[in-house]
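Everything below concerns the one structure shown next.
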Amino acid sequence: MSNDKLWNGQYTAFNEALKYMLDRQSGKEKSIQTPWPKFNDAVTDGLEWNTLTVIGGRPGSGKTLIKDQIIRESFVRNPGEDYRVLEFQFEMVGRTSALREFSSITGKTYKELCSAGTVLDPATFKKCHEYSKERIKYPVDIVSTPMTVNQMRETVDKYMEEHKGQKTIITLDHSILVKRAPYQNNRLDMLFELGEFFTQTKREYPCMFICLSQLNRNIDNPDRAVDGKYGNYVLESDIFGSDAMLQHADTLIGINRPAKQKIRFYGPDRYIIQDDKTLVLHFLKARNGDTRMSFFRAAFEKMEIHEMDTPPQQERR
């Protein structure tokens, strides 16, 4: 029998915590800043290493846009930080993702960039080409072939070995697109294993995860679209496979786009929703931060979102 103990005295945890506090104090350890101060403030001054952030929303709610903007702007907003990005991108081909980036820097829509209707002007194409030459300097790698959880685990192990354990932001778009293994009876079995993979990996390697998820169909019940009801809000139970993911997530965010459900006065506080570009981020779980609700405005034509002030409330009569 091995003499290696499976436990450590509590002094180990205290020493690690004190060292981490000193490293944060000196700036040796930092969170990854996102483009939005409200987002950073809800967590730990940005996305902390060794954590899992799950972002859930309906199709078209902006969750992929948020993930892409975080990654796209991260290298500029976090100068001096030495890290890589590994994206498990099972929803769209790499070309589509790149075109969305071009849209963000040119202000042109996807259709315009594809010369759908009007031929793209040479100046815009040149701008995209120059942008590409700058972007490929950043260490971002993409896995586009759908995998099972075990195949993802093997891929991450190989990646970390090849890059000598360099800090890595790992993204998954979307959890529901991970392939089921033959021994898994349903998607929930896969999600439970996926959650365990996230937790084990973020403990083993200097990484963080950003995982995108769908919402359950219950969110589309007509009674939840009645103006001014608590049911307008995205809840923990609305995240697809919430029982599987909630325990593993350090931060759980639900995105809503109220105007798409014809909601004009949002929730019991009856926030006035101006149009379908208003997004509401519900920070449902923030293990190292604060739960809250924050409002953002989408610029879908530029593939980005911006912070906005909390909308006024409908006057009660």
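Every chain in the structure tokens has a letter given in the order shown (A, B, ...), and although residue numbers restart at 1 in each chain, ligands are simply numbered from 1 in the order shown.
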
Dump as CSV the rows for residues of range 40-77 of chain A within 8 Å of range 282-301 of chain A: closest atom pair and distance in Å with one decimal, only C-alpha atoms counted, ordered by chain and rising residue number.
residue,atom,partner,partner_atom,distance
A:Asp41,CA,A:Gly289,CA,7.7
A:Ala42,CA,A:Asp290,CA,5.3
A:Val43,CA,A:Gly289,CA,4.3
A:Thr44,CA,A:Gly289,CA,5.8
A:Gly62,CA,A:Ala298,CA,7.8

Next, dump the selected residues to file, keeping only all heavy atoms, as an mmCIF file, in the first residue's frame.
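Below is the file that was written, selection-v1.cif:
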data_model
loop_
_atom_site.group_PDB
_atom_site.id
_atom_site.type_symbol
_atom_site.label_atom_id
_atom_site.label_comp_id
_atom_site.auth_asym_id
_atom_site.auth_seq_id
_atom_site.Cartn_x
_atom_site.Cartn_y
_atom_site.Cartn_z
ATOM 1 N N ASP A 41 -17.138 43.827 -12.289
ATOM 2 C CA ASP A 41 -17.475 44.095 -10.897
ATOM 3 C C ASP A 41 -18.342 42.991 -10.301
ATOM 4 O O ASP A 41 -18.279 42.721 -9.098
ATOM 5 C CB ASP A 41 -18.202 45.439 -10.786
ATOM 6 C CG ASP A 41 -18.465 45.839 -9.344
ATOM 7 O OD1 ASP A 41 -17.479 46.004 -8.588
ATOM 8 O OD2 ASP A 41 -19.646 45.976 -8.961
ATOM 9 N N ALA A 42 -19.154 42.332 -11.130
ATOM 10 C CA ALA A 42 -20.029 41.270 -10.631
ATOM 11 C C ALA A 42 -19.236 40.039 -10.234
ATOM 12 O O ALA A 42 -19.682 39.255 -9.388
ATOM 13 C CB ALA A 42 -21.064 40.901 -11.689
ATOM 14 N N VAL A 43 -18.062 39.858 -10.842
ATOM 15 C CA VAL A 43 -17.237 38.705 -10.496
ATOM 16 C C VAL A 43 -16.038 39.185 -9.666
ATOM 17 O O VAL A 43 -16.211 39.921 -8.719
ATOM 18 C CB VAL A 43 -16.845 37.913 -11.773
ATOM 19 C CG1 VAL A 43 -18.030 37.089 -12.248
ATOM 20 C CG2 VAL A 43 -16.397 38.827 -12.912
ATOM 21 N N THR A 44 -14.812 38.779 -10.029
ATOM 22 C CA THR A 44 -13.657 39.164 -9.211
ATOM 23 C C THR A 44 -12.768 40.087 -10.018
ATOM 24 O O THR A 44 -11.654 39.717 -10.405
ATOM 25 C CB THR A 44 -12.876 37.916 -8.746
ATOM 26 O OG1 THR A 44 -13.800 36.942 -8.229
ATOM 27 C CG2 THR A 44 -11.872 38.267 -7.656
ATOM 28 N N GLY A 62 -27.505 36.572 -27.790
ATOM 29 C CA GLY A 62 -26.226 37.260 -27.744
ATOM 30 C C GLY A 62 -25.132 36.553 -26.972
ATOM 31 O O GLY A 62 -24.066 37.123 -26.743
#

| message | What parts of range 55-242 of chain A does DSSP call strand (DSSP E)? I'd like the answer as a list in words. | response | Ile55, Gly56, Gly57, Arg84, Val85, Leu86, Glu87, Phe88, Gln89, Val140, Asp141, Ile142, Val143, Thr168, Ile169, Ile170, Thr171, Leu172, Asp173, Cys207, Met208, Phe209, Ile210, Cys211, Leu212 and Ser213 of chain A

| field | Exercise: Gln247 in chain A partners within 9 Å, only C-alpha atoms, chain neighbours under 4 positions left out, as JSON, numbers by chain | value | {"A": [195, 242, 243]}

| said: Can you measure CA of Arg153 in chain A to CA of Glu29 in chain A for me? One decimal in Å is fine. | reply: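 Taking CA of Arg153 in chain A and CA of Glu29 in chain A, their separation equals 25.9 Å.
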
| query | range 94-102 of chain A: which residues within 8 Å, counting only C-alpha atoms, same-chain residues fewer than 4 positions away excluded, as JSON, numbers by chain? | reply | {"A": [72, 89, 106, 108, 110, 113, 128, 131, 142, 144, 303]}

Can you spit out the residues from that selection as an mmCIF file, in the first residue's frame, using N, CA and C atoms?
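Result written to again_15.cif:
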data_model
loop_
_atom_site.group_PDB
_atom_site.id
_atom_site.type_symbol
_atom_site.label_atom_id
_atom_site.label_comp_id
_atom_site.auth_asym_id
_atom_site.auth_seq_id
_atom_site.Cartn_x
_atom_site.Cartn_y
_atom_site.Cartn_z
ATOM 1 N N ARG A 72 -12.026 38.334 -28.228
ATOM 2 C CA ARG A 72 -11.490 39.262 -29.232
ATOM 3 C C ARG A 72 -10.741 40.422 -28.594
ATOM 4 N N GLN A 89 -15.240 24.916 -30.744
ATOM 5 C CA GLN A 89 -16.244 25.674 -31.481
ATOM 6 C C GLN A 89 -17.040 24.710 -32.358
ATOM 7 N N THR A 106 -15.507 46.578 -38.896
ATOM 8 C CA THR A 106 -15.856 47.382 -40.077
ATOM 9 C C THR A 106 -17.225 48.048 -39.964
ATOM 10 N N LYS A 108 -19.779 46.582 -40.931
ATOM 11 C CA LYS A 108 -20.539 45.966 -42.016
ATOM 12 C C LYS A 108 -21.252 44.719 -41.499
ATOM 13 N N TYR A 110 -22.854 40.864 -41.776
ATOM 14 C CA TYR A 110 -22.363 39.604 -42.362
ATOM 15 C C TYR A 110 -22.718 39.546 -43.839
ATOM 16 N N LEU A 113 -20.514 41.824 -45.926
ATOM 17 C CA LEU A 113 -19.170 41.279 -46.093
ATOM 18 C C LEU A 113 -19.148 40.148 -47.115
ATOM 19 N N CYS A 128 -10.114 44.397 -43.514
ATOM 20 C CA CYS A 128 -10.241 43.051 -42.955
ATOM 21 C C CYS A 128 -8.922 42.287 -43.083
ATOM 22 N N TYR A 131 -6.487 43.642 -40.537
ATOM 23 C CA TYR A 131 -6.901 43.178 -39.209
ATOM 24 C C TYR A 131 -6.482 41.725 -38.998
ATOM 25 N N ILE A 142 -8.381 26.679 -32.457
ATOM 26 C CA ILE A 142 -9.792 26.290 -32.574
ATOM 27 C C ILE A 142 -9.915 24.805 -32.863
ATOM 28 N N SER A 144 -12.767 22.365 -34.143
ATOM 29 C CA SER A 144 -14.098 22.468 -34.761
ATOM 30 C C SER A 144 -14.774 21.115 -34.952
ATOM 31 N N MET A 303 -21.524 43.125 -34.118
ATOM 32 C CA MET A 303 -21.188 41.941 -33.345
ATOM 33 C C MET A 303 -20.548 42.292 -32.003
#

| task | Could you please write out, as a PyMOL selection string, every residue of range 57-221 of chain A that DSSP assigns to alpha helix (DSSP H)? | result | chain A and resi 63-77+94-106+110-113+122-135+149-162+187-204

Identify, on the basis of only C-alpha atoms, every residue whose closest approach to range 160-174 of chain A does not exceed 8 Å; exclude the query and any residue fewer than 3 positions from it along the same chain; express the result as an mmCIF file with N, CA and C atoms, in the first residue's frame.
data_model
loop_
_atom_site.group_PDB
_atom_site.id
_atom_site.type_symbol
_atom_site.label_atom_id
_atom_site.label_comp_id
_atom_site.auth_asym_id
_atom_site.auth_seq_id
_atom_site.Cartn_x
_atom_site.Cartn_y
_atom_site.Cartn_z
ATOM 1 N N THR A 64 -23.150 33.921 -27.769
ATOM 2 C CA THR A 64 -21.930 33.718 -28.564
ATOM 3 C C THR A 64 -21.235 35.042 -28.810
ATOM 4 N N ASP A 82 0.399 36.611 -20.014
ATOM 5 C CA ASP A 82 0.886 35.567 -20.908
ATOM 6 C C ASP A 82 -0.078 34.382 -20.880
ATOM 7 N N TYR A 83 -0.923 34.278 -21.900
ATOM 8 C CA TYR A 83 -1.896 33.189 -21.931
ATOM 9 C C TYR A 83 -2.278 32.873 -23.372
ATOM 10 N N ARG A 84 -2.946 31.751 -23.538
ATOM 11 C CA ARG A 84 -3.442 31.305 -24.835
ATOM 12 C C ARG A 84 -4.957 31.158 -24.766
ATOM 13 N N VAL A 85 -5.569 30.887 -25.915
ATOM 14 C CA VAL A 85 -7.004 30.604 -25.979
ATOM 15 C C VAL A 85 -7.200 29.329 -26.788
ATOM 16 N N LEU A 86 -7.976 28.408 -26.239
ATOM 17 C CA LEU A 86 -8.363 27.185 -26.946
ATOM 18 C C LEU A 86 -9.880 27.161 -27.019
ATOM 19 N N GLU A 87 -10.414 27.203 -28.245
ATOM 20 C CA GLU A 87 -11.867 27.256 -28.428
ATOM 21 C C GLU A 87 -12.384 25.941 -28.990
ATOM 22 N N PHE A 88 -13.299 25.303 -28.243
ATOM 23 C CA PHE A 88 -14.067 24.180 -28.780
ATOM 24 C C PHE A 88 -15.298 24.797 -29.434
ATOM 25 N N GLN A 89 -15.240 24.916 -30.744
ATOM 26 C CA GLN A 89 -16.244 25.674 -31.481
ATOM 27 C C GLN A 89 -17.040 24.710 -32.358
ATOM 28 N N PHE A 90 -18.072 24.137 -31.758
ATOM 29 C CA PHE A 90 -18.830 23.085 -32.428
ATOM 30 C C PHE A 90 -20.046 23.615 -33.191
ATOM 31 N N GLU A 91 -20.399 24.891 -32.991
ATOM 32 C CA GLU A 91 -21.620 25.402 -33.605
ATOM 33 C C GLU A 91 -21.389 25.939 -35.014
ATOM 34 N N VAL A 156 -7.320 18.559 -24.289
ATOM 35 C CA VAL A 156 -6.790 19.552 -23.349
ATOM 36 C C VAL A 156 -5.472 19.063 -22.762
ATOM 37 N N ASP A 157 -5.393 17.774 -22.412
ATOM 38 C CA ASP A 157 -4.149 17.222 -21.860
ATOM 39 C C ASP A 157 -2.996 17.402 -22.858
ATOM 40 N N LEU A 177 -23.830 20.607 -27.767
ATOM 41 C CA LEU A 177 -23.262 20.055 -28.996
ATOM 42 C C LEU A 177 -22.123 19.080 -28.735
ATOM 43 N N VAL A 178 -21.765 18.870 -27.461
ATOM 44 C CA VAL A 178 -20.771 17.852 -27.138
ATOM 45 C C VAL A 178 -21.368 16.481 -27.456
ATOM 46 N N TYR A 205 -5.002 22.352 -14.107
ATOM 47 C CA TYR A 205 -4.228 23.218 -14.989
ATOM 48 C C TYR A 205 -4.513 24.700 -14.705
ATOM 49 N N PRO A 206 -3.595 25.584 -15.090
ATOM 50 C CA PRO A 206 -3.845 27.033 -14.954
ATOM 51 C C PRO A 206 -4.728 27.519 -16.091
ATOM 52 N N CYS A 207 -6.006 27.273 -15.966
ATOM 53 C CA CYS A 207 -6.937 27.593 -17.053
ATOM 54 C C CYS A 207 -8.225 28.166 -16.474
ATOM 55 N N MET A 208 -9.078 28.648 -17.358
ATOM 56 C CA MET A 208 -10.446 29.007 -17.012
ATOM 57 C C MET A 208 -11.340 28.558 -18.160
ATOM 58 N N PHE A 209 -12.607 28.281 -17.850
ATOM 59 C CA PHE A 209 -13.561 27.854 -18.863
ATOM 60 C C PHE A 209 -14.675 28.889 -19.024
ATOM 61 N N ILE A 210 -15.079 29.099 -20.276
ATOM 62 C CA ILE A 210 -16.304 29.835 -20.588
ATOM 63 C C ILE A 210 -17.155 28.888 -21.418
ATOM 64 N N CYS A 211 -18.294 28.486 -20.879
ATOM 65 C CA CYS A 211 -19.162 27.506 -21.541
ATOM 66 C C CYS A 211 -20.514 28.142 -21.857
ATOM 67 N N LEU A 212 -20.969 28.001 -23.092
ATOM 68 C CA LEU A 212 -22.273 28.523 -23.495
ATOM 69 C C LEU A 212 -23.312 27.412 -23.438
ATOM 70 N N SER A 213 -24.531 27.776 -23.032
ATOM 71 C CA SER A 213 -25.598 26.797 -22.850
ATOM 72 C C SER A 213 -26.920 27.365 -23.350
ATOM 73 N N GLN A 214 -27.834 26.481 -23.681
ATOM 74 C CA GLN A 214 -29.191 26.876 -24.044
ATOM 75 C C GLN A 214 -30.056 26.978 -22.787
#

| message | Which residues are close to Gln33 in chain A, i.e. within 7 Å by only C-alpha atoms, leaving aside same-chain residues fewer than 4 positions away? Reply as a ChimeraX atom specification. | response | /A:40,45-47,74,77-78

| said: Here is a test: counting only C-alpha atoms, which residue of A:Ile263, A:Leu191, A:Leu22, A:Leu65 is nearest to Val226 in chain A? | reply: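 Under the stated criterion, the closest residue is A:Ile263.
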
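The two atoms in question, CA of Tyr233 in chain A and CA of Phe197 in chain A, are spaced 29.4 Å apart.
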
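Among the candidate residues A:Gly228, A:Gly107, A:Pro311, A:Gly9, the one lying nearest to Arg270 in chain A is A:Gly228, with distances computed using only C-alpha atoms.
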
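Counting only C-alpha atoms, the residue from A:Asn256, A:Thr310, A:Gln69, A:Gln261 that sits nearest to Gly56 in chain A is A:Asn256.
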